[in-house]
Structures are given as C-alpha cells and as structure tokens.
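Enquirer: Here's a structure for you.
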Amino acid sequence: MSATFLGIPPFPEAARAAVNDSRLRHNLRKATHTIRDKRGAVVTELEEDWERLRSEGAAIKSHTLRHLDHYLEQLEAAVERAGGHVHWAADAAEANAIVTRLVRETGETDVVKVKSMATQEIELNDALAEAGITAYETDLAELIVQLGDDLPSHILVPAIHLGRSQIREIFLDQMAEWGVAAPEGLTDDPRALAEAARVHLRERFLRTRTAISGANFAVADSGTLVVLESEGNGRMCLTLPETLISVVGIEKIVPTWADLEVFLQTLPRSSTGERMNPYTSTWTGVTPGDGPQEFHLVLLDNGRTDVLADTVGRQALRCIRCSACLNTCPVYERTGGHAYGSVYPGPIGAILTPQLRGMSSEVDEALPYASSLCGACYEVCPVAIDIPEVLVHLREEVASGPGHLGEKAVMKGAEAVLGSSHALAAAQRAAGAARNLVPRHLPGMAGAWTDTRDLPGVPAESFRQWWNKHEKGQS
Amino acid sequence: MRIALFITCVNDTLFPDTGRHVVRLLERLGHEVVFPEGQTCCGQMHYNTGYRRPAAKLAVRFVRTFEDADAVVVPSGSCAAMIRDNYPRLGGSGSRLSRKVAGLAPRVYDLTELLVDVLGVTDVGAYYPHKVAYHPTCHGLRMLGLGDRPYALLRAVRGLELVELAGATECCGFGGTFALKNGDVSSAMGADKARHAVESGAEVLCAVDNSCLMHIGGTLSRQRSGLRVAHIAEILASTEKEDALR
C-alpha cells in the first residue's frame with residue numbers, strides 16, 4: 001500500500017471536496033444509515049440491560065487503564081508461560097522494526113494480514129514493503145482498499161466510500177497483479193464480488209506461512225488474544241500459518257476472560273448490528289500440532305501513555321473500535337473518513353488522533369473542531385466515552401496555543417461586550433441603529449454563513465429595551 | 001410563581017420576540033416574570049470553542065445574577081444545557097463556583113420543562129391553526145432529555161396539526177462556531193434538515209432554540225422554500241383572541 005494520509009489538507013478543506021462529491025455522499029448515506037438502523041434495533045431489544053452493559057464496559061476499561069502497568073506485566077508473563085514471545089514497542093518505528101525482523105527470521109517474503117487498526121496506525125505495510133516483504137490484506141474491504149491503492153475511510157468498513165461498481169472495476173484491474181485474477185465477465189452483484197475475493201484469497205491463505213494480526217482484546221490473566229471478524233478470513237490467518245505476529249495497542253487489555261462477557265455482547269451489536277459475532281477467534285501462546293507454532297506479541301505504545309496522562313482525554317483509550325460513533329455522526333456521514341487525515345476517522349478519530357500525534361500540525365489542530373457537538377456519538381458509545389467533553393477539552397488546548405489571532409480577537413471582543421449588561425445593551429443599540437446596513441453577503445469568515453444561509457434581520461429593539469418599556473407599562 | 005427569565009444573548013439581540021412570547025405566556029398562566037438586568041450570556045460560545053476562562057467568568061456572572069431565583073426559565077435548550085451540564089465542569093471540585101452551581105442548576109429550566117414539570121401544565125390554552133413540525137434540537141434531546149414534553153405541549157394546542165419530521169433526531173448542523181469553522185459540512189447538514197422539513201408538509205418548523213432555527217430558517221429562506229420557522233414559545237403564546245404580539 002503506497003497511498004498515505006500525508007498531504008491531506010486540514011478537515012474544513014478536505015471536507016469541502018467530500019461534501020461536493022455526490023457519489024461519495026450517496027454511498028456514505030446509504031451505508032451509515034443501514035448499519036445505524038441495524039444497531040438501533042439490536043440495542044433496543046436489550047432494553048435496560050444495554051445501559052448496564054455500557055457502564056460495566058466503561059468500568060472494566062477504566063479500571064484496566066488505571067492499573068495498566070500491573071496488567072501489562074501480567075499479560076507478558078502469561079503469554080510467555082504459554083509459549084509466546086513478547087516485544088515492547090515505544091513507537092511506530094520500533095514496532096515496524098520488530099515486525100520486519102521477525103518476518104525476516106522466518107525467511108518468508110510474503111505475509112497475510114488480518115485487518116488491524118494498530119498496523120494501519122504504524123503503516124506497517126509500507127515498512128514491510130521497504131524491506132522487500134509483501135503484506136497481503138485478507139479482509140474483504142481492506143483487500144479492496146489495498147488493490148485500489150486507496151486509503152481506508154472507516155474503522156470497520158474501510159471501503160465504505162466505494163460503491164459496488166467501483167469495486168468491480170478495482171477487482172478486474174488489479175487482482176491479477178496480486179495473485180489469482182478476477183473471473184472474466186465479473187458483475188457487480190455482491191455475491192459475485194465476494195466469490196471473486198474468496199477464490200483470490202483462498203490461494204493466498206494456503207500458500208502463506210506467516211501471518212500478522214492485531215487483536216480486539218488481550219486477556220491479562222490467561223495471555224489470550226481475541227479477534228472478532230465477520231468473514232472468516234481472520235480465522236484462516238490465525239490458524240493456517242506457521243508463524244503469527246500480533247501487533248496490539250497496550251490499551252487493548254482486559255483483566256480476565258470473564259470480562260469478555262460484556263464486550264462480546266456490546267461490540268458486535270455496536271459495530272455490525274449483530275447479536276453475536278460471526279467469527280470470534282481466541283489464541284493463547286502456542287499448542288504443539290495445532291495452529292501457528294511460533295507466536296509473537298508486539299505491544300505498542302505509540303503515544304498511548306501520553307494520552308493516559310491526560311485526565312480528561314484518557315477516556316478515548318477505552319475505545320473498542322466498534323465505529324458506532326462514525327455510523328451515527330452527521331459530520332462523518334457527509335465527509336467520509338479520508339477528510340480526517342488519519343486511520344482513525346469520525347468522532348473517535350477527532351479525539352484520538354490529535355492525542356496520539358500531538359497537535360503541532362494544522363491537520364491535527366482542526367480535528368477537535370470537526371464536530372457540531374451534537375452528542376450522538378456519546379449516546380451510542382458502548383463504553384460511554386464522552387466524546388464531546390474531550391473535543392471541547394482539546395479545543396481548549398488549541399485555543400491556548402499560538403496562532404488563531406483573528407478568532408482570539410473576536411472572542412476577546414465578545415468577552416468585553418458580554419462581560420457587562422451595559423456594554424451588551426450599548427452594542428444592541430448600535431446593531432439596531434445599523435440594522436439596515438447589514439449586507440446580504442458577509443466578508444471573511446462570516447462569509448461561511450452567508451454563502452448558503454440568509455441572515456436573520458436585526459430587530460429595531462432588543463428584548464431588554466422592550467422589557468424596560470413593558471415594566472413601565474408602555475408596551 | 002415568580003419566575004426569572006434568562007433571555008440569552010442571542011435571543012435578546014436577534015430574537016426579542018421569543019422573550020416577549022415567554023413573558024406573555026407565563027403572565028397569561030398567572031405567573032410573575034422578572035428580568036434580572038445584570039444578565040448577559042451563558043458563555044456557551046466561548047466554552048464550546050475552547051475559551052474556558054471567559055466562559056468561567058460568564059458562568060460566575062450568571063450565578064451571581066440568578067442565585068436567588070426560585071426558578072429560572074431559559075428559552076434556549078442549548079443555553080439551559082450549558083448551565084446544567086457544563087457549568088459543573090468549569091469550576092474545580094470544591095470551588096465556590098461549583099458549590100453555587102450545584103445549588104442553582106436544578107432550578108434552571110428550559111421553557112417546556114418549566115411548563116410541564118414545574119407548573120404542571122400541558123394545555124396552555126393556545127390556538128395555532130397551522131401544520132407544525134417539531135425539530136428536537138441536539139441539546140434539548142440529548143443533554144436536557146426533554147423527551148415528550150414539547151410534543152405534549154404542541155398536541156394540546158387547538159387548531160395545530162403536528163406532522164412528522166423525517167430524520168428528526170439528526171443535528172441540523174449549526175453547532176455554534178462550527179457553522180463558521182466548517183461552513184461546508186454545516187451547510188450540507190442544514191440542507192438535509194431543510195429538505196426534511198419541507199417534505200414533512202409543515203407550514204411551520206418549531207424548536208426550543210432560536211440558534212438552530214436561525215440556521216435552518218436561514219437555509220429555508222435562501223432556498224425560497226416558503227416554510228417558516230418559529231420558536232415554540234411563539235406557538236404556545238398564541239391564542240384565539242390574539243396573536244401573542246398584537
């Protein structure tokens with residue numbers, strides 16, 4: 001995969017292009033509403049149990065994050081006891097170097113991959129490519145993105161921005177270069193497309209001896225890793241190869257196997273709108289004669305301990321990557337994921353990305369503002385991350401930094417006017433006097449309003465002016 | 001009952017009629033409305049844009065102005081939510097501000113909450129012979145949890161036909177400074193909301209917040225849709241004898 005988020009402009013600019021792309025808008029509206037409705041139905045049927053599961057999920061994650069040092073050591077010991085090897089990676093470069101070395105040691109130049117956000121975050125495929133190793137994505141949507149030399153635009157459905165005719169084109173053009181070609185006369189029937197992918201991937205699964213995965217959960221006391229997926233390709237990757245390398249963010253830990261009870265109910269319901277997940281694979285170290293005989297766990301920090309240090313922002317680390325917030329977000333629905341300039345798009349991306357990467361760039365500074373603060377994301381979040389609270393918290397950080405001088409001046413002016421009822425009344429009288437001078441199209445930043453919306457008329461008298469007369473019995 | 005009106009800076013300056021409707025309505029129901037003159041703004045714009053310090057100063061001013069009130073009515077869902085949900089985050093724990101807010105915030109009500117929960121009335125004696133759609137604003141819906149209250153009030157209005165609004169729970173795209181910082185996305189959201197409003201067949205789209213209505217109404221106006229927006233106070237203040245303002 002050579003495509004990269006580098007060079008994508010800050011959100012407002014990237015969003016402008018997306019908002020004007022009618023095909024993208026159509027694809028996104030259809031897909032997000034379908035998943036949103038499915039989720040709504042299976043969550044509603046749990047009634048009050050849902051709120052209980054939600055607060056339990058949040059509590060388990062918060063507890064684990066508070067004692068992360070303890071659980072990480074417990075996990076390491078358990079994985080090694082079960083015959084696995086644990087590696088610690090402070091950042092993306094270190095993680096990529098470890099994985100590259102481990103693959104090289106197998107002598108292989110091809111690896112199959114289970115869809116994984118962590119490996120996207122560190123851009124592992126590019127690092128492997130530089131070392132002469134080809135990583136083959138096996139998740140259907142991830143495969144589409146890889147074949148199309150595209151970027152993922154959704155946490156769960158990376159190709160959500162593409163319609164099926166676009167997918168057919170990509171299969172016909174690219175599959176042959178990567179392995180088994182698409183059949184001649186391939187139609188855009190979803191079943192035909194899925195079958196083409198199945199045939200293409202099956203050959204790959206049977207031939208490749210090293211696999212790379214992430215994990216949805218890592219159970220500290222048993223050293224068990226867990227992957228939830230819908231297609232079975234993940235299970236093929238996790239069981240067929242001889243060597244398995246799993247790259248996992250340090251926040252993925254749950255203390256015990258019993259804790260999975262909560263998440264195996266909330267994650268599938270929140271993500272795909274299903275009551276039970278189609279393929280849930282768990283693996284604990286190595287078992288002679290069964291599955292991979294060599295297992296490596298790479299524990300990835302890459303900014304996570306910095307996030308943990310922020311008492312408001314740290315709740316973002318509770319995220320279980322279900323993408324319910326993306327599917328319900330009215331902003332995401334109109335822009336798609338690419339506009340966020342990161343592998344984590346949507347509301348969770350708007351709070352996670354600037355925390356993981358820091359807010360030194362224009363792209364990252366714009367992300368906390370990529371929300372109308374409508375609160376729909378918080379409402380659906382299965383681990384109750386108060387995304388609007390974190391957005392405002394991060395906006396504070398942006399506003400307290402350098403730059404944004406125009407906005408600061410406006411805010412200062414507003415503060416002066418609103419700091420006294422006399423100043424406000426005077427400003428209202430001035431506005432009332434100039435009411436007929438307001439142009440239909442405003443200059444500068446205010447033009448963002450008048451481009452598409454009429455301004456309300458300024459009334460001749462403010463409420464407080466009317467009140468004073470009303471009080472004197474003049475109204 | 002003696003009710004203090006917090007008009008909000010946007011209503012005070014741009015939508016004074018909303019305040020007049022609230023006063024007429026509550027006086028008609030036999031209550032006394034007072035207007036503490038020192039009031040200005042709840043600080044929401046500063047807070048939501050990341051300017052915490054000025055927001056905290058405005059919160060202090062609000063608390064000082066209203067701390068003795070028996071009940072405070074706010075004809076804006078998002079400002080009521082700012083006071084109840086966000087003020088407690090502004091003062092540090094155990095601070096003077098957070099102690100005062102803890103005492104005052106439970107007495108701060110959106111207009112529909114005041115009518116239904118405090119004054120115990122759903123039929124306010126209003127007459128409004130129009131087809132009306134209700135847009136549940138995000139803060140009214142999710143932060144205040146207004147639920148059925150606005151609908152119950154509207155259903156009790158004589159002559160009023162309440163029509164369904166598709167995608168009602170979706171944000172209109174206003175979001176304060178979001179409308180300026182992300183004008184393109186905001187406009188796209190507003191256009192979808194306006195389309196749903198027009199398709200509902202309503203003559204009037206109402207809500208508990210003039211800010212959202214300014215955005216949706218500005219969009220409808222630019223599209224020459226012929227559909228108008230109204231604060232719910234205007235509808236509830238209208239009677240058979242008089243249009244609230246005549």
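Identifiers in this document derive from the order of the structure tokens: chains are assigned A, B, ..., residues are numbered from 1 separately in each chain, and ligands are numbered from 1 in order of occurrence.
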Mind checking DSSP for stretch 107-195 of chain B and telling me the strand (DSSP E or B) residues as an mmCIF file with C-alpha atoms, in the first residue's frame?

Expert:
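part_38.cif was written with the following content:
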```cif
data_model
loop_
_atom_site.group_PDB
_atom_site.id
_atom_site.type_symbol
_atom_site.label_atom_id
_atom_site.label_comp_id
_atom_site.auth_asym_id
_atom_site.auth_seq_id
_atom_site.Cartn_x
_atom_site.Cartn_y
_atom_site.Cartn_z
ATOM 1 C CA VAL B 108 -32.782 26.210 35.769
ATOM 2 C CA TYR B 109 -35.345 25.005 33.217
ATOM 3 C CA ASP B 110 -35.924 25.024 29.525
ATOM 4 C CA TYR B 127 -54.592 28.347 19.493
ATOM 5 C CA LYS B 131 -49.391 22.408 10.299
ATOM 6 C CA VAL B 132 -46.343 22.269 12.527
ATOM 7 C CA ALA B 133 -43.251 20.054 12.590
ATOM 8 C CA TYR B 134 -41.051 19.890 15.676
ATOM 9 C CA ARG B 158 -56.020 23.910 19.476
ATOM 10 C CA GLU B 161 -51.733 19.768 13.285
ATOM 11 C CA LEU B 162 -48.462 18.131 14.323
ATOM 12 C CA VAL B 163 -46.712 16.466 11.382
#
```

Enquirer: Contacts from chain B to chain A, 8 Å maximum, only C-alpha atoms: show me the residue list as a PyMOL selection string.

Expert: chain B and resi 7+11-17+19-20+35+37-41+46-52+54+57-58+138-139+142-143+170-171+173-176+178-185+187-189+214-215+217-222

Enquirer: Where does DSSP see helix (DSSP H, G or I) in stretch 214-416 of chain A, if you list the residues as a VMD selection string?

Expert: chain A and resid 233 to 239 250 to 252 257 to 271 304 to 308 313 to 318 324 to 328 330 to 335 338 to 340 346 to 357 362 to 369 376 to 380 387 to 399 405 to 416

Enquirer: Report, in Å to a single decimal, how far apart atom CA of A:Glu242 and atom CA of A:Pro292 are.

Expert: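 These two atoms are separated by 4.2 Å.
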
Enquirer: If we count only C-alpha atoms, what is near B:Ala152 at a cut-off of 9 Å, once residues fewer than 6 positions away on the same chain are taken out, given as a ChimeraX atom specification?

Expert: /B:116,122-123

Enquirer: In terms of the shortest atom-to-atom distance over only C-alpha atoms, which of A:Val380, A:Arg318, A:Pro443, A:Leu367 is closest to A:Leu65?

Expert: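 Checking each candidate against A:Leu65, we get A:Arg318 as the closest.
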
Enquirer: Might you pull out every residue within 8 Å of stretch 198-201 of chain A, with only C-alpha atoms counted and same-chain residues fewer than 5 positions away left off, and present them as number ranges by chain?

Expert: A: 138, 175, 179-182

Enquirer: If we count only C-alpha atoms and set the cut-off at 10 Å, which residues sit around A:Val307, ignoring sequence neighbours fewer than 2 positions away in its own chain? Please answer as a list in words.

Expert: Asn302, Gly303, Arg304, Thr305, Ala309, Asp310, Thr311, Val312, Gly313, Arg314, Gln315, Ala316, Leu317, Leu352, Pro354, Gln355, Leu356, Arg357 and Gly358 of chain A

Enquirer: Using only C-alpha atoms, which protein or nucleic acid residues come within 9 Å of A:Ala77? Drop anything in the same chain fewer than 4 positions from it, and give the result as a ChimeraX atom specification.

Expert: /A:72-73,81-82,86,220-221,223

Enquirer: Could you please take those selected residues and save all heavy atoms as a JSON list (two decimals), in the first residue's frame?

Expert:
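Final output, saved to out.json:
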```
[["chain", "number", "residue", "atom", "x", "y", "z"],
["A", 72, "LEU", "N", -0.24, -5.16, 32.21],
["A", 72, "LEU", "CA", 0.72, -5.41, 31.12],
["A", 72, "LEU", "C", 1.74, -6.46, 31.53],
["A", 72, "LEU", "O", 2.06, -7.37, 30.76],
["A", 72, "LEU", "CB", 1.41, -4.10, 30.73],
["A", 72, "LEU", "CG", 0.63, -3.19, 29.78],
["A", 72, "LEU", "CD1", 1.27, -1.82, 29.70],
["A", 72, "LEU", "CD2", 0.53, -3.82, 28.39],
["A", 73, "GLU", "N", 2.23, -6.34, 32.76],
["A", 73, "GLU", "CA", 3.21, -7.32, 33.24],
["A", 73, "GLU", "C", 2.57, -8.70, 33.37],
["A", 73, "GLU", "O", 3.17, -9.72, 33.06],
["A", 73, "GLU", "CB", 3.81, -6.87, 34.57],
["A", 73, "GLU", "CG", 4.82, -5.75, 34.37],
["A", 73, "GLU", "CD", 5.40, -5.23, 35.69],
["A", 73, "GLU", "OE1", 5.16, -5.87, 36.74],
["A", 73, "GLU", "OE2", 6.06, -4.19, 35.65],
["A", 81, "ARG", "N", 4.45, -17.74, 29.41],
["A", 81, "ARG", "CA", 4.17, -19.04, 30.01],
["A", 81, "ARG", "C", 3.51, -19.98, 28.99],
["A", 81, "ARG", "O", 3.74, -21.19, 29.01],
["A", 81, "ARG", "CB", 3.23, -18.83, 31.21],
["A", 81, "ARG", "CG", 3.39, -19.86, 32.30],
["A", 81, "ARG", "CD", 2.74, -19.43, 33.63],
["A", 81, "ARG", "NE", 1.44, -18.82, 33.47],
["A", 81, "ARG", "CZ", 1.14, -17.61, 33.94],
["A", 81, "ARG", "NH1", 2.03, -16.89, 34.58],
["A", 81, "ARG", "NH2", -0.07, -17.11, 33.77],
["A", 82, "ALA", "N", 2.72, -19.40, 28.11],
["A", 82, "ALA", "CA", 2.00, -20.22, 27.12],
["A", 82, "ALA", "C", 2.83, -20.47, 25.87],
["A", 82, "ALA", "O", 2.33, -21.00, 24.87],
["A", 82, "ALA", "CB", 0.69, -19.54, 26.75],
["A", 86, "VAL", "N", 7.05, -11.94, 23.86],
["A", 86, "VAL", "CA", 6.50, -10.59, 23.95],
["A", 86, "VAL", "C", 7.58, -9.56, 23.62],
["A", 86, "VAL", "O", 8.72, -9.68, 24.08],
["A", 86, "VAL", "CB", 5.92, -10.34, 25.36],
["A", 86, "VAL", "CG1", 5.43, -8.89, 25.49],
["A", 86, "VAL", "CG2", 4.78, -11.30, 25.65],
["A", 220, "ALA", "N", -5.41, -10.44, 30.29],
["A", 220, "ALA", "CA", -4.16, -10.38, 31.05],
["A", 220, "ALA", "C", -3.88, -11.67, 31.81],
["A", 220, "ALA", "O", -2.75, -12.17, 31.81],
["A", 220, "ALA", "CB", -4.21, -9.20, 32.03],
["A", 221, "ASP", "N", -4.87, -12.26, 32.46],
["A", 221, "ASP", "CA", -4.55, -13.38, 33.36],
["A", 221, "ASP", "C", -4.25, -14.68, 32.63],
["A", 221, "ASP", "O", -3.53, -15.53, 33.14],
["A", 221, "ASP", "CB", -5.62, -13.56, 34.45],
["A", 221, "ASP", "CG", -6.95, -14.06, 33.92],
["A", 221, "ASP", "OD1", -7.13, -14.07, 32.69],
["A", 221, "ASP", "OD2", -7.80, -14.43, 34.74],
["A", 223, "GLY", "N", -3.30, -14.63, 29.13],
["A", 223, "GLY", "CA", -2.45, -14.37, 27.96],
["A", 223, "GLY", "C", -3.14, -14.65, 26.65],
["A", 223, "GLY", "O", -2.51, -14.83, 25.62]]
```

Enquirer: What is the distance, in Å and to one decimal place, between atom CA of A:Thr34 and atom CA of B:Gly190?

Expert: 21.4 Å

Enquirer: Excluding B:Glu203 and its own-chain neighbours fewer than 3 positions away, which residues fall within 9 Å of it when counting only C-alpha atoms? Please give them as a count of residues only.

Expert: 10

Enquirer: Check the smallest atom-to-atom distance from each of A:Arg168, A:Asp306, A:Gln265, A:Tyr344 to A:Leu46 using only C-alpha atoms, then report the winner.

Expert: A:Gln265
